[in-house]
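Chemist: My questions all concern the structure below.
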Amino acid sequence: MIERTRLMKHISGDFFTGAYRMTGRMSVGASGAIGVLNDNTHSFAVVEDVYISYVHTPGSILAHYSQVRISKTGLEALVLTKREEIGPVGVARGGYARLAQYQVMVTTDAFEIRGALEQPGKYDPDNVLFQGTARFFPIYNATTNACIKPDAKYAGEAVLINRGRVSAFCGGE
Amino acid sequence: MAKILLIDDNVDMQKMLTVVLKRQGHEIASAERGLEGIDLALNHPFNVIVLDVMMPDMNGYEVARRLRADPRTKEIPIIILTARAQAVDQQAAMEAGADVYMAKPVDIAELNNRIHELTTLGRPKATLAAAPPAAAPASPLPVVGRLFSVLSWRGGVGATTLAVNLASAFARDARRVCLIDLSPSSGHAALMLRLRAKPNWTDLPLDLNPQNIGFSLLKHESGLQVLASPTQPHVDVFSAEVFNALVQIMFNFFTEIVVDCSPMLDAATQTALTLSTRIILPVAPEVTSVQTLTGTLGTLASLQIPPDRLRIVLNHPTPNPTILPARIEKALGRPLDATLPYDAAQPAALMQGMPLVFSQPRAPYVAGLVSLLQKL
């Protein structure tokens, strides 16, 4: 019998729910963070070594847990420092077509995220918001800030946003 | 070589840092828990503490606060390492009492540089003000940070380059620094950092306060913030009162302010000189520059600025000096405090908008700058 091993790696990121910032490590496979978050067979993402802060006091650590299950429905955004942590190009972009960048601002209940949306061809927010079954979509070179504390900004080469939590999708220039 | 205490719950990280730092000749002690680390620090003399933030029993911020609160450990430089790499985390680390903040994954060369600087230069002297003032009175200025003015009334001696690199050196050390370009006729500080000079000080709101001042500042990727000068000549320069209020508000957010002074003795420059912790006077090795500096020293004396606040820096903006340092010292009647060598990489660094401090930290110019920093 051939024993198959899965190549797993850890990515670190800031997981934002409406009121909390959770910094921790998530174990991801070959499809990266977007693969884990868009896996519709699991409702929760398992995050390890998690430090929890309130969004309104993001520098203060409220609690630490070695493992936390974060509801994908409740997760508004995941800020990743490095773009490659999102996952392979084919998975993150949905293909290998030549892409154009559009500057957008996306608002959720608690956050606003500004960055570049990458799409093949013309600007098509409907494609991002309504088509397919993916729950999270990426915005690149993004800055996220909480409406409750707008001066605290979280910069990352990539942010995964829960499209079910999007309240406004602005821009396209 | 230094005695270093590593406080990190990640054993692999601890082992890796121990090996690397021992190779540099340092003596290493380590702790896996915050309380254990505090206990070690209280009972053994350490030159530097390298501290992780995310530890289970007591986080690094709390450890730093306790170390700062105890007279036995309050002067030990602290380097905070953390995977929490956002600006708010840097702010939290500095407020907790860290001297240097570094994001993981750790750049070993950078960590070595920081340890070397902390063990040779000691802790930065400035402390951060706890809270913004309710209003912005014109005077007196609270002494909560350091203000450095770079002044040359002769062009071409590298004053703006020096101001930009000096501010960059503070930013590199994770200090909160703002560079103010006071030139009323197209200053170049923003350009040298590859920033578009909009907004600039002509966009400052009339009702200056801690809430609105940030909208007029440019932000460099290093964390350095810049109050730029307009790109077109401007007649309405700062009044002394406005500049004083501006600096006072800024010290709520910044630990160091570097002012690239105007090439004329206007009210803002005069106020900056009066408020300065140190006035840095670059001089080029040429007769005309020395003559201008001689006059400048006379003017500063008439403004009753104590001579011990002045630092004279021999800068070499070109490779061929026409006058020897000894002759300059004789003409000025005082010794030179530092020398910045000619650096062929300087023009390219300026063109790329990346000061030598960031692009070539081992350049001779940066080494000269470090020796100047020791004398500030």
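Note on naming: chains are A, B, ... as they come in the structure tokens, residues start from 1 per chain, ligands start from 1 in the order shown.
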Please determine the contact residues of chain B with respect to chain A at a cut-off of 8 Å, counting only C-alpha atoms, and supply them as a list in words.

Modeler: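 The contacting residues on chain B are Met54, Pro56, Asn59, Ala83, Arg84, Gln86, Ala87, Val88, Asp89, Gln91 and Ala92 of chain B.
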
Chemist: Mind the document's chain letters and residue numbers, and return as an NGL selection string the residues of segment 53-194 of chain B that DSSP labels strand (DSSP E).

Modeler: :B and (78-82 or 100-103 or 146-150 or 177-181)

Chemist: Quick one: pull the distance between atom CA of Phe238 of chain B and atom CA of Ala267 of chain B, Å, one decimal.

Modeler: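 Between atom CA of Phe238 of chain B and atom CA of Ala267 of chain B the gap is 6.9 Å.
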
Chemist: Between B:Gln352, B:Asn43, B:Leu179, B:Val50, which residue has the minimum interatomic distance to Ser30 of chain B, considering only C-alpha atoms?

Modeler: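 Looking at the shortest contact to Ser30 of chain B, the residue is B:Val50.
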
Chemist: Which polymer residues have any atom within 7 Å of an atom of Gly187 of chain B, counting only C-alpha atoms, with same-chain residues fewer than 6 positions away left out, as a list in words?

Modeler: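 Using only C-alpha atoms, the neighbours found are Asp181, Ser229, Pro230 and Thr231 of chain B.
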
Chemist: List every residue of segment 73-133 of chain A that DSSP, applied to the backbone, labels as alpha helix (DSSP H), and write the result as a list in words.

Modeler: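 Everything in segment 73-133 of chain A that counts as alpha helix (DSSP H) is Val89, Gly90, Val91, Ala92, Arg93, Pro125, Asp126, Asn127, Val128, Leu129 and Phe130 of chain A.
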
Chemist: Those same residues, written as a CSV table (one decimal), in the first residue's frame with N, CA, C and O atoms?

Modeler:
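Generated file (part_6.csv):
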```csv
chain,number,residue,atom,x,y,z
A,89,VAL,N,-1.3,30.8,-8.4
A,89,VAL,CA,-2.0,31.8,-9.3
A,89,VAL,C,-3.3,31.3,-9.9
A,89,VAL,O,-4.3,32.0,-9.9
A,90,GLY,N,-3.3,30.0,-10.3
A,90,GLY,CA,-4.5,29.5,-11.0
A,90,GLY,C,-5.7,29.5,-10.0
A,90,GLY,O,-6.8,29.7,-10.5
A,91,VAL,N,-5.5,29.2,-8.8
A,91,VAL,CA,-6.6,29.1,-7.8
A,91,VAL,C,-7.0,30.5,-7.4
A,91,VAL,O,-8.2,30.8,-7.4
A,92,ALA,N,-6.1,31.3,-7.1
A,92,ALA,CA,-6.4,32.7,-6.6
A,92,ALA,C,-7.1,33.5,-7.7
A,92,ALA,O,-8.0,34.3,-7.4
A,93,ARG,N,-6.6,33.4,-8.9
A,93,ARG,CA,-7.2,34.2,-9.9
A,93,ARG,C,-8.3,33.6,-10.7
A,93,ARG,O,-8.9,34.2,-11.5
A,125,PRO,N,-17.5,43.9,-11.4
A,125,PRO,CA,-17.7,43.6,-10.0
A,125,PRO,C,-18.7,42.5,-9.8
A,125,PRO,O,-18.6,41.7,-8.8
A,126,ASP,N,-19.7,42.4,-10.7
A,126,ASP,CA,-20.7,41.3,-10.6
A,126,ASP,C,-20.0,39.9,-10.6
A,126,ASP,O,-20.5,39.0,-9.9
A,127,ASN,N,-19.0,39.8,-11.4
A,127,ASN,CA,-18.3,38.5,-11.5
A,127,ASN,C,-17.7,38.2,-10.1
A,127,ASN,O,-17.8,37.0,-9.7
A,128,VAL,N,-17.2,39.2,-9.4
A,128,VAL,CA,-16.6,38.9,-8.1
A,128,VAL,C,-17.6,38.6,-7.1
A,128,VAL,O,-17.5,37.7,-6.3
A,129,LEU,N,-18.7,39.3,-7.1
A,129,LEU,CA,-19.7,39.3,-6.1
A,129,LEU,C,-20.7,38.2,-6.2
A,129,LEU,O,-21.2,37.7,-5.2
A,130,PHE,N,-21.0,37.8,-7.4
A,130,PHE,CA,-22.1,36.8,-7.6
A,130,PHE,C,-21.8,35.5,-8.3
A,130,PHE,O,-22.5,34.6,-8.1
```

Chemist: Tell me which of B:Leu206, B:Met58, B:Arg176, B:Pro45 sits closest to Tyr101 of chain B, counting only C-alpha atoms.

Modeler: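 Between B:Leu206, B:Met58, B:Arg176, B:Pro45, the residue approaching Tyr101 of chain B most closely is B:Arg176.
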
Chemist: Which polymer residues have any atom within 12 Å of an atom of Ala109 of chain B, counting only C-alpha atoms, with same-chain residues fewer than 4 positions away left out, as a list in words?

Modeler: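 My list of contacting residues is Leu17, Val20, Leu21, Gln24, Met102, Asn113, Arg114, Ile115, His116, Pro361 and Arg362 of chain B.
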
Chemist: Would you mind exporting N, CA and C atoms of the selected residues as a short mmCIF file (atom, residue, chain, number, x, y, z; two decimals), in the first residue's frame?

Modeler:
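Final output, saved to out11.cif:
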```
data_model
loop_
_atom_site.label_atom_id
_atom_site.label_comp_id
_atom_site.auth_asym_id
_atom_site.auth_seq_id
_atom_site.Cartn_x
_atom_site.Cartn_y
_atom_site.Cartn_z
N LEU B 17 18.46 31.82 16.98
CA LEU B 17 19.05 33.11 17.35
C LEU B 17 20.30 32.92 18.22
N VAL B 20 23.21 31.96 15.96
CA VAL B 20 23.63 33.09 15.11
C VAL B 20 24.33 34.17 15.94
N LEU B 21 23.76 34.49 17.09
CA LEU B 21 24.33 35.58 17.90
C LEU B 21 25.63 35.14 18.59
N GLN B 24 28.50 35.68 16.48
CA GLN B 24 28.98 37.07 16.45
C GLN B 24 29.80 37.40 17.71
N MET B 102 11.11 44.88 15.43
CA MET B 102 11.40 44.16 14.19
C MET B 102 10.33 43.11 13.95
N ASN B 113 22.87 44.47 13.32
CA ASN B 113 23.11 45.92 13.26
C ASN B 113 22.46 46.64 14.44
N ARG B 114 21.21 46.26 14.72
CA ARG B 114 20.48 46.93 15.80
C ARG B 114 21.15 46.66 17.15
N ILE B 115 21.58 45.40 17.34
CA ILE B 115 22.25 45.06 18.60
C ILE B 115 23.54 45.86 18.72
N HIS B 116 24.27 45.93 17.61
CA HIS B 116 25.53 46.68 17.63
C HIS B 116 25.28 48.14 17.99
N PRO B 361 23.09 50.35 3.46
CA PRO B 361 23.36 50.67 4.86
C PRO B 361 24.83 50.54 5.26
N ARG B 362 25.64 49.89 4.42
CA ARG B 362 27.05 49.77 4.77
C ARG B 362 27.92 50.78 4.01
#
```

Chemist: Within 9 Å of segment 109-123 of chain A, counting only C-alpha atoms, which residues qualify if same-chain residues fewer than 2 places away don't, as a CSV table (one decimal) with N, CA, C and O atoms, in the first residue's frame?

Modeler:
```csv
chain,number,residue,atom,x,y,z
A,16,PHE,N,-9.9,39.0,10.7
A,16,PHE,CA,-10.8,40.0,11.3
A,16,PHE,C,-12.3,39.5,11.2
A,16,PHE,O,-12.8,39.2,10.2
A,17,THR,N,-12.9,39.5,12.4
A,17,THR,CA,-14.3,39.3,12.5
A,17,THR,C,-14.8,40.8,12.8
A,17,THR,O,-14.0,41.7,12.8
A,18,GLY,N,-16.1,40.9,13.0
A,18,GLY,CA,-16.6,42.3,13.2
A,18,GLY,C,-15.9,43.1,14.3
A,18,GLY,O,-15.5,44.2,14.2
A,19,ALA,N,-15.6,42.4,15.4
A,19,ALA,CA,-15.1,43.1,16.6
A,19,ALA,C,-13.7,42.7,17.0
A,19,ALA,O,-13.1,43.3,17.9
A,76,GLU,N,-14.7,38.4,8.3
A,76,GLU,CA,-14.9,39.4,7.3
A,76,GLU,C,-13.7,39.5,6.3
A,76,GLU,O,-13.9,39.7,5.1
A,77,ALA,N,-12.5,39.4,6.9
A,77,ALA,CA,-11.3,39.6,6.0
A,77,ALA,C,-10.1,38.9,6.6
A,77,ALA,O,-10.0,38.8,7.8
A,93,ARG,N,-6.6,33.4,-8.9
A,93,ARG,CA,-7.2,34.2,-9.9
A,93,ARG,C,-8.3,33.6,-10.7
A,93,ARG,O,-8.9,34.2,-11.5
A,96,TYR,N,-5.3,31.8,-15.8
A,96,TYR,CA,-4.0,32.4,-16.1
A,96,TYR,C,-4.1,33.5,-17.1
A,96,TYR,O,-3.1,33.9,-17.7
A,97,ALA,N,-5.3,34.0,-17.4
A,97,ALA,CA,-5.4,35.1,-18.4
A,97,ALA,C,-4.7,36.3,-18.0
A,97,ALA,O,-4.5,36.5,-16.8
A,98,ARG,N,-4.4,37.2,-18.9
A,98,ARG,CA,-3.7,38.4,-18.7
A,98,ARG,C,-4.7,39.3,-17.8
A,98,ARG,O,-5.8,39.4,-18.2
A,99,LEU,N,-4.2,39.9,-16.8
A,99,LEU,CA,-5.1,40.6,-15.9
A,99,LEU,C,-4.9,42.1,-15.9
A,99,LEU,O,-3.8,42.6,-16.1
A,100,ALA,N,-6.0,42.8,-15.6
A,100,ALA,CA,-5.9,44.2,-15.5
A,100,ALA,C,-6.2,44.5,-14.0
A,100,ALA,O,-6.9,43.8,-13.4
A,101,GLN,N,-5.6,45.6,-13.5
A,101,GLN,CA,-5.8,46.0,-12.1
A,101,GLN,C,-6.8,47.2,-12.0
A,101,GLN,O,-6.7,48.1,-12.8
A,102,TYR,N,-7.7,47.1,-11.1
A,102,TYR,CA,-8.6,48.2,-10.8
A,102,TYR,C,-8.6,48.5,-9.4
A,102,TYR,O,-8.7,47.6,-8.5
A,103,GLN,N,-8.5,49.8,-9.1
A,103,GLN,CA,-8.4,50.2,-7.7
A,103,GLN,C,-9.9,50.3,-7.1
A,103,GLN,O,-10.7,50.9,-7.8
A,104,VAL,N,-10.1,49.6,-6.1
A,104,VAL,CA,-11.4,49.5,-5.5
A,104,VAL,C,-11.4,49.8,-4.0
A,104,VAL,O,-10.4,49.7,-3.4
A,105,MET,N,-12.6,50.1,-3.5
A,105,MET,CA,-12.8,50.1,-2.0
A,105,MET,C,-13.9,49.2,-1.8
A,105,MET,O,-15.0,49.3,-2.4
A,106,VAL,N,-13.7,48.3,-0.9
A,106,VAL,CA,-14.8,47.4,-0.5
A,106,VAL,C,-15.1,47.6,1.0
A,106,VAL,O,-14.2,47.7,1.8
A,107,THR,N,-16.4,47.8,1.3
A,107,THR,CA,-16.8,47.9,2.7
A,107,THR,C,-17.5,46.7,3.2
A,107,THR,O,-18.3,46.1,2.4
A,125,PRO,N,-17.5,43.9,-11.4
A,125,PRO,CA,-17.7,43.6,-10.0
A,125,PRO,C,-18.7,42.5,-9.8
A,125,PRO,O,-18.6,41.7,-8.8
A,128,VAL,N,-17.2,39.2,-9.4
A,128,VAL,CA,-16.6,38.9,-8.1
A,128,VAL,C,-17.6,38.6,-7.1
A,128,VAL,O,-17.5,37.7,-6.3
A,138,PRO,N,-9.9,37.8,-3.5
A,138,PRO,CA,-8.7,38.6,-3.1
A,138,PRO,C,-8.6,40.0,-3.7
A,138,PRO,O,-9.1,40.3,-4.8
A,139,ILE,N,-8.1,40.9,-2.8
A,139,ILE,CA,-7.7,42.2,-3.2
A,139,ILE,C,-6.2,42.4,-2.9
A,139,ILE,O,-5.8,41.9,-1.9
A,140,TYR,N,-5.5,43.0,-3.8
A,140,TYR,CA,-4.0,43.0,-3.7
A,140,TYR,C,-3.5,44.4,-3.2
A,140,TYR,O,-4.1,45.4,-3.5
A,141,ASN,N,-2.3,44.3,-2.6
A,141,ASN,CA,-1.7,45.5,-2.2
A,141,ASN,C,-2.7,46.4,-1.4
A,141,ASN,O,-2.9,47.6,-1.8
A,142,ALA,N,-3.3,45.8,-0.4
A,142,ALA,CA,-4.5,46.4,0.2
A,142,ALA,C,-4.2,47.0,1.6
A,142,ALA,O,-3.3,46.6,2.3
A,143,THR,N,-5.0,48.0,1.9
A,143,THR,CA,-5.0,48.5,3.3
A,143,THR,C,-6.4,48.3,3.8
A,143,THR,O,-7.4,48.7,3.2
A,144,THR,N,-6.4,47.8,5.0
A,144,THR,CA,-7.7,47.5,5.7
A,144,THR,C,-7.8,48.4,6.9
A,144,THR,O,-6.8,48.5,7.6
A,145,ASN,N,-8.9,49.1,7.1
A,145,ASN,CA,-9.0,49.7,8.4
A,145,ASN,C,-10.5,49.5,9.0
A,145,ASN,O,-11.4,49.4,8.2
A,146,ALA,N,-10.5,49.5,10.3
A,146,ALA,CA,-11.8,49.3,10.9
A,146,ALA,C,-12.6,50.6,11.0
A,146,ALA,O,-11.9,51.6,11.3
A,147,CYS,N,-13.8,50.6,10.7
A,147,CYS,CA,-14.6,51.9,10.8
A,147,CYS,C,-14.6,52.5,12.2
A,147,CYS,O,-14.6,53.7,12.4
A,148,ILE,N,-14.5,51.6,13.2
A,148,ILE,CA,-14.5,52.0,14.6
A,148,ILE,C,-13.2,52.7,15.0
A,148,ILE,O,-13.2,53.5,15.9
A,150,PRO,N,-10.5,54.1,12.5
A,150,PRO,CA,-9.9,54.3,11.1
A,150,PRO,C,-8.5,54.6,11.1
A,150,PRO,O,-7.8,54.4,10.0
A,158,ALA,N,-1.9,41.0,0.2
A,158,ALA,CA,-3.2,40.5,-0.2
A,158,ALA,C,-4.2,40.4,0.9
A,158,ALA,O,-3.8,40.3,2.1
A,159,VAL,N,-5.4,40.7,0.6
A,159,VAL,CA,-6.5,40.6,1.6
A,159,VAL,C,-7.6,39.7,1.0
A,159,VAL,O,-8.0,39.9,-0.2
A,161,ILE,N,-11.4,38.7,1.2
A,161,ILE,CA,-12.6,39.3,1.7
A,161,ILE,C,-13.8,38.4,1.5
A,161,ILE,O,-14.0,37.7,0.5
A,165,ARG,N,-20.2,39.2,3.2
A,165,ARG,CA,-20.2,40.3,4.2
A,165,ARG,C,-20.0,41.7,3.5
A,165,ARG,O,-19.9,42.7,4.2
A,166,VAL,N,-19.9,41.7,2.2
A,166,VAL,CA,-19.6,43.0,1.5
A,166,VAL,C,-20.9,43.8,1.6
A,166,VAL,O,-22.0,43.4,1.2
A,167,SER,N,-20.7,45.1,2.0
A,167,SER,CA,-21.9,46.0,2.0
A,167,SER,C,-21.8,47.0,0.8
A,167,SER,O,-22.8,47.4,0.3
A,172,GLY,N,-13.2,51.1,-9.4
A,172,GLY,CA,-13.0,50.4,-10.7
A,172,GLY,C,-12.2,51.3,-11.7
A,172,GLY,O,-12.1,51.0,-12.8
A,173,GLU,N,-11.6,52.4,-11.1
A,173,GLU,CA,-10.8,53.2,-12.0
A,173,GLU,C,-9.5,52.5,-12.3
A,173,GLU,O,-8.9,51.8,-11.5
```

Chemist: Atom CA of Ala338 of chain B and atom CA of Val357 of chain B are how many Å apart?

Modeler: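 So the two atoms, atom CA of Ala338 of chain B and atom CA of Val357 of chain B, lie 16.7 Å apart.
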
Chemist: Hey, can you check how far atom CA of Ser27 of chain A sits from atom CA of Phe15 of chain A?

Modeler: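 Atom-to-atom, atom CA of Ser27 of chain A and atom CA of Phe15 of chain A are spaced 13.7 Å apart.
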
Chemist: I want to know what sits within 8 Å of segment 254-258 of chain B, based on only C-alpha atoms, with residues of the same chain fewer than 2 positions away left out; could you give that as a VMD selection string?

Modeler: chain B and resid 126 to 128 144 to 150 163 166 to 167 170 175 to 180 250 to 252 260

Chemist: Using only C-alpha atoms, which protein or nucleic acid residues come within 12 Å of Glu36 of chain B? Drop anything in the same chain fewer than 5 positions from it, and give the result as an MDAnalysis selection string.

Modeler: chainID B and resid 5:9 29:31 41:43 55 57:58 63
